[in-house]
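Notes follow once the structure below has been shown.
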Amino acid sequence: MAMVRTVSNLLLVSCLLLLLSLSLRANSLEATVEEVYFKIGDNESWKQPTLVHQDWRKRSVNNLPADKGTYWARIHINITGSQNNHEAQQALYLSVLGAYEVYWNGYYLARNGVVGTQTESEVPGHIYKVVAIPNELWTHGSHIISLRISNFNSPKQLREKYFNVFVGPLDEVNREFYSANLLPLFILGALIIVGLYFLQVYLVTLKQASVIIFSVLCFTISLLLIAETWKIYFGYTYDWHYVRLVIIELLTLAIAVLLPTFFIFNFKMKFKLAWLTASGLVVLSSYFLSHGYDVKSANLLSASFLISILIVSAALINKKQGASLLLCALIAITVFSIIFPFSFHDKYFVPSFTLFIGFVLNSLTLQMKQTQVERDQATLTSAHLEIALLRKNIQPHFVLNTLTSIEQWIDESPKTAIKFIHALAAEFRVLNTISNEKQICLQQEIALCESHIEIMSYRKDKTFVLKAINIDPNQWIPPAIVHTLLENALSHNNYIECEVVFTLEQIKDPDKGITTLLLNSPIQRNRKPTQGTGTGFKYICARLKESYGDNWRFENEELNDTWIAKVTIPLKT
């Protein structure tokens with residue numbers, strides 16, 4: 001538990017630091033880009049800064065032409081006096097779906113891949129590139145950045161949707177695109193640790209659906225972080241960009257499905273199938289009705305958050321532990337996603353969702369602590385029941401009366417004394433076998449009962465018989481349940497007849513998944529078993545509670561000089 005709290009604190013601190021870093025990020029680099037022009041075709045003279053753009057298409061800085069082939073892009077930038085810094089190395093950050101060559105006022109700077117005239121001759125460039133600008137070219141005034149681009153390997157879905165240019169000091173460019181991803185990597189490590197921890201918890205101690213779902217959710221978010229940061233730290237050629245976006249989309253879909261599913265199982269919601277169906281339909285509808293990767297991801301997360309809010313609200317109404325805090329966190333993150341629908345996935349998803357995971361982790365930790373307390377209490381109760389079982393059958397007056405009977409038979413009938421000792425040993429042998437078991441098969445229970453009524457037959461000089469009807473010997477029950485009922489009947493009746501028959505009948509109801517044990521005990525001289533006020537009945541109820549929780553029923557009634565004890569439990573063989 002201490003490790004979980006430590007990781008939770010690390011996640012919260014990381015999230016706050018990441019939010020702070022996002023608020024401090026400079027956006028001044030984009031302001032240097034003034035105009036962007038495109039023209040389909042390939043002409044070496046188009047790199048010259050004096051070229052007139054009358055027949056060129058003007059586009060926004062974030063869009064490429066929809067055409068497939070070779071074309072040129074010309075970017076106008078303006079360097080003001082405050083930006084004219086010759087001491088710092090200046091650079092271009094370029095992210096283009098294509099292979100390209102870069103020119104500064106007609107001066108060749110660099111290339112990325114090999115520009116081709118067809119698919120076979122093109123060598124795809126990397127998805128991003130940082131190009132240093134010589135200090136002598138970085139002067140006050142207007143400048144033209146010319147790009148010769150081919151995009152034969154670009155997918156149709158992305159061809160006109162991906163083009164980014166930043167200009168500024170090289171150190172600042174690197175800091176902008178590398179340092180901003182350090183904390184996500186730190187969070188990635190914490191999420192993997194949390195996922196592994198709860199996977200171990202599920203496999204070893206707590207086999208609850210919510211635990212394994214939370215573990216899978218942490219791993220899925222970790223994979224999403226890896227997919228998001230892969231471009232910065234490892235890179236790839238632009239023809240793989242579509243594959244990466246599809247992976248991110250599918251991981252986002254998985255997160256959108258897992259989140260409400262976790263809440264459904266975590267709060268043990270009634271009508272689970274209905275909740276799962278509704279949440280699945282909402283998320284999948286958002287997925288198939290949305291167009292564009294950023295829009296689809298934003299809509300998926302918003303739909304997931306909204307359905308999660310409904311689930312947690314229902315849990316709060318039902319007074320589920322931890323629902324109020326998680327509801328506040330969900331509302332906050334949903335508002336954030338609505339206010340920043342397009343930048344949420346790129347900038348705010350990691351910090352806000354990490355903060356939310358921290359709240360969930362804290363809630364799960366409290367639940368695990370409560371579960372551990374209940375488990376310890378159950379263990380203690382089980383130990384008390386084992387002791388109660390032994391004490392119930394080795395009471396001082398029982399032992400004293402038994403020894404007195406043996407002493408008398410040794411003088412009068414040694415053979416009877418030996419049979420009695422054998423019967424007593426058989427009962428103790430069975431008790432020793434089952435005393436530390438939570439459940440035994442019905443066959444063992446009947447063997448214990450037969451040993452006990454044989455002992456009582458000798459002691460009371462009667463013939464007691466247990467008649468079993470429709471018994472499934474492989475039915476599992478808590479130990480000494482029927483034995484306690486028999487013992488209670490023998491202790492609270494003064495039987496006159498020479499032969500007394502007890503009947504034990506099992507009635508199965510496969511449709512309801514239950515079985516009922518009926519013990520019929522004759523009543524004589526108006527004496528009958530106590531109706532639940534003695535230690536024997538308390539023992540029965542405690543054993544049933546231990547094995548079945550609230551899924552059992554124990555009833556007693558008198559009918560025609562017969563005391564009927566009825567125990568209804570789940571049907572398990």
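Just so we're on the same page: first chain in the structure tokens is A, next is B, and so on; residues restart at 1 for each chain, and ligands are numbered from 1 in the order they show up.
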
If you run DSSP on this backbone, which residues of stretch 116-295 of chain A come out as strand (DSSP E), and could you give them as a short mmCIF file (atom, residue, chain, number, x, y, z; two decimals) with N, CA and C atoms, in the first residue's frame?
```
data_model
loop_
_atom_site.label_atom_id
_atom_site.label_comp_id
_atom_site.auth_asym_id
_atom_site.auth_seq_id
_atom_site.Cartn_x
_atom_site.Cartn_y
_atom_site.Cartn_z
N LYS A 129 12.17 17.57 -38.87
CA LYS A 129 13.60 17.85 -39.05
C LYS A 129 13.89 19.25 -38.51
N VAL A 130 15.02 19.37 -37.83
CA VAL A 130 15.50 20.67 -37.35
C VAL A 130 16.69 21.07 -38.23
N VAL A 131 16.57 22.24 -38.85
CA VAL A 131 17.61 22.72 -39.78
C VAL A 131 18.23 23.99 -39.21
N ALA A 132 19.55 23.94 -38.97
CA ALA A 132 20.26 25.12 -38.45
C ALA A 132 20.40 26.17 -39.55
N ILE A 133 20.21 27.44 -39.19
CA ILE A 133 20.36 28.55 -40.14
C ILE A 133 21.68 29.25 -39.85
N GLY A 141 14.71 41.91 -41.11
CA GLY A 141 13.89 42.13 -42.29
C GLY A 141 13.12 40.89 -42.71
N SER A 142 12.60 40.94 -43.96
CA SER A 142 11.80 39.84 -44.49
C SER A 142 12.69 38.83 -45.19
N HIS A 143 12.28 37.54 -45.09
CA HIS A 143 13.03 36.45 -45.72
C HIS A 143 12.04 35.44 -46.30
N ILE A 144 12.55 34.65 -47.26
CA ILE A 144 11.74 33.64 -47.92
C ILE A 144 12.36 32.27 -47.67
N ILE A 145 11.56 31.36 -47.12
CA ILE A 145 11.97 29.95 -46.98
C ILE A 145 11.26 29.19 -48.10
N SER A 146 12.05 28.57 -48.97
CA SER A 146 11.49 27.83 -50.09
C SER A 146 11.67 26.33 -49.85
N LEU A 147 10.61 25.57 -50.10
CA LEU A 147 10.66 24.12 -49.94
C LEU A 147 10.26 23.45 -51.25
N ARG A 148 11.12 22.59 -51.74
CA ARG A 148 10.78 21.75 -52.89
C ARG A 148 10.34 20.40 -52.32
N ILE A 149 9.07 20.01 -52.58
CA ILE A 149 8.45 18.88 -51.87
C ILE A 149 7.87 17.89 -52.87
N SER A 150 8.00 16.61 -52.55
CA SER A 150 7.25 15.56 -53.25
C SER A 150 6.53 14.73 -52.19
N PHE A 163 1.27 20.13 -41.88
CA PHE A 163 2.38 21.00 -42.29
C PHE A 163 2.65 21.98 -41.16
N ASN A 164 3.82 21.88 -40.55
CA ASN A 164 4.15 22.74 -39.42
C ASN A 164 5.55 23.33 -39.59
N VAL A 165 5.68 24.62 -39.32
CA VAL A 165 6.98 25.31 -39.43
C VAL A 165 7.14 26.21 -38.22
N PHE A 166 8.29 26.09 -37.55
CA PHE A 166 8.65 26.99 -36.45
C PHE A 166 10.03 27.56 -36.74
N VAL A 167 10.24 28.81 -36.32
CA VAL A 167 11.51 29.47 -36.54
C VAL A 167 11.95 30.07 -35.21
N GLY A 168 13.24 29.90 -34.86
CA GLY A 168 13.73 30.49 -33.63
C GLY A 168 15.09 29.95 -33.24
N PRO A 169 15.60 30.35 -32.07
CA PRO A 169 16.90 29.87 -31.61
C PRO A 169 16.91 28.35 -31.51
#
```

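Excluding A:Asn560 itself and any same-chain residue fewer than 6 positions from it, the protein and nucleic acid residues within 12 Å of it, counting only C-alpha atoms, are Asn520, Ser521, Pro522, Ile523, Gln524 and Asn526 of chain A.
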
Deliver the residues from the most recent selection as a file, using all heavy atoms, as a PDB file, in the first residue's frame.
```
ATOM      1  N   ASN A 520     -35.611 -33.501   9.272  1.00  0.00           N
ATOM      2  CA  ASN A 520     -36.830 -33.721  10.049  1.00  0.00           C
ATOM      3  C   ASN A 520     -36.471 -34.451  11.341  1.00  0.00           C
ATOM      4  O   ASN A 520     -35.949 -35.582  11.306  1.00  0.00           O
ATOM      5  CB  ASN A 520     -37.839 -34.547   9.251  1.00  0.00           C
ATOM      6  CG  ASN A 520     -38.310 -33.819   7.997  1.00  0.00           C
ATOM      7  OD1 ASN A 520     -38.394 -32.597   7.994  1.00  0.00           O
ATOM      8  ND2 ASN A 520     -38.594 -34.564   6.947  1.00  0.00           N
ATOM      9  N   SER A 521     -36.772 -33.798  12.471  1.00  0.00           N
ATOM     10  CA  SER A 521     -36.456 -34.369  13.782  1.00  0.00           C
ATOM     11  C   SER A 521     -37.744 -34.574  14.557  1.00  0.00           C
ATOM     12  O   SER A 521     -38.525 -33.619  14.746  1.00  0.00           O
ATOM     13  CB  SER A 521     -35.527 -33.435  14.567  1.00  0.00           C
ATOM     14  OG  SER A 521     -34.372 -33.122  13.812  1.00  0.00           O
ATOM     15  N   PRO A 522     -38.012 -35.806  15.030  1.00  0.00           N
ATOM     16  CA  PRO A 522     -39.216 -36.041  15.848  1.00  0.00           C
ATOM     17  C   PRO A 522     -39.167 -35.243  17.148  1.00  0.00           C
ATOM     18  O   PRO A 522     -38.105 -35.017  17.723  1.00  0.00           O
ATOM     19  CB  PRO A 522     -39.173 -37.547  16.128  1.00  0.00           C
ATOM     20  CG  PRO A 522     -38.260 -38.109  15.092  1.00  0.00           C
ATOM     21  CD  PRO A 522     -37.245 -37.048  14.799  1.00  0.00           C
ATOM     22  N   ILE A 523     -40.346 -34.786  17.606  1.00  0.00           N
ATOM     23  CA  ILE A 523     -40.461 -34.061  18.870  1.00  0.00           C
ATOM     24  C   ILE A 523     -41.227 -34.944  19.854  1.00  0.00           C
ATOM     25  O   ILE A 523     -42.302 -35.472  19.519  1.00  0.00           O
ATOM     26  CB  ILE A 523     -41.218 -32.733  18.675  1.00  0.00           C
ATOM     27  CG1 ILE A 523     -40.478 -31.839  17.682  1.00  0.00           C
ATOM     28  CG2 ILE A 523     -41.388 -32.016  20.006  1.00  0.00           C
ATOM     29  CD1 ILE A 523     -41.226 -30.575  17.343  1.00  0.00           C
ATOM     30  N   GLN A 524     -40.697 -35.134  21.035  1.00  0.00           N
ATOM     31  CA  GLN A 524     -41.368 -35.933  22.057  1.00  0.00           C
ATOM     32  C   GLN A 524     -41.364 -35.187  23.379  1.00  0.00           C
ATOM     33  O   GLN A 524     -40.411 -34.485  23.710  1.00  0.00           O
ATOM     34  CB  GLN A 524     -40.701 -37.310  22.209  1.00  0.00           C
ATOM     35  CG  GLN A 524     -40.887 -38.179  20.970  1.00  0.00           C
ATOM     36  CD  GLN A 524     -40.363 -39.598  21.159  1.00  0.00           C
ATOM     37  OE1 GLN A 524     -39.959 -39.983  22.251  1.00  0.00           O
ATOM     38  NE2 GLN A 524     -40.409 -40.376  20.081  1.00  0.00           N
ATOM     39  N   ASN A 526     -43.175 -32.738  24.215  1.00  0.00           N
ATOM     40  CA  ASN A 526     -43.321 -31.286  24.017  1.00  0.00           C
ATOM     41  C   ASN A 526     -42.010 -30.513  24.184  1.00  0.00           C
ATOM     42  O   ASN A 526     -41.998 -29.361  24.575  1.00  0.00           O
ATOM     43  CB  ASN A 526     -44.373 -30.717  24.968  1.00  0.00           C
ATOM     44  CG  ASN A 526     -45.741 -31.256  24.677  1.00  0.00           C
ATOM     45  OD1 ASN A 526     -46.082 -31.460  23.515  1.00  0.00           O
ATOM     46  ND2 ASN A 526     -46.506 -31.530  25.710  1.00  0.00           N
TER      47      ASN A 526
END
```

Provide the atom CA of A:Ile247 to atom CA of A:Leu223 distance in Å, to one decimal place.
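Answer for the atom CA of A:Ile247 to atom CA of A:Leu223 separation: 9.4 Å.
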
Grab the atom CA of A:Ile40 to atom CA of A:Trp240 distance for me, in Å with one decimal place.
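Going from atom CA of A:Ile40 over to atom CA of A:Trp240 covers 23.7 Å.
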
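Atom pair atom CA of A:Gln90 / atom CA of A:Ile77: separated by 13.4 Å.
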
Hey, what does DSSP flag as helix (DSSP H, G or I) within stretch 413-502 of chain A? Can you give it to me as a PyMOL selection string?
chain A and resi 414-434+442-460+481-491
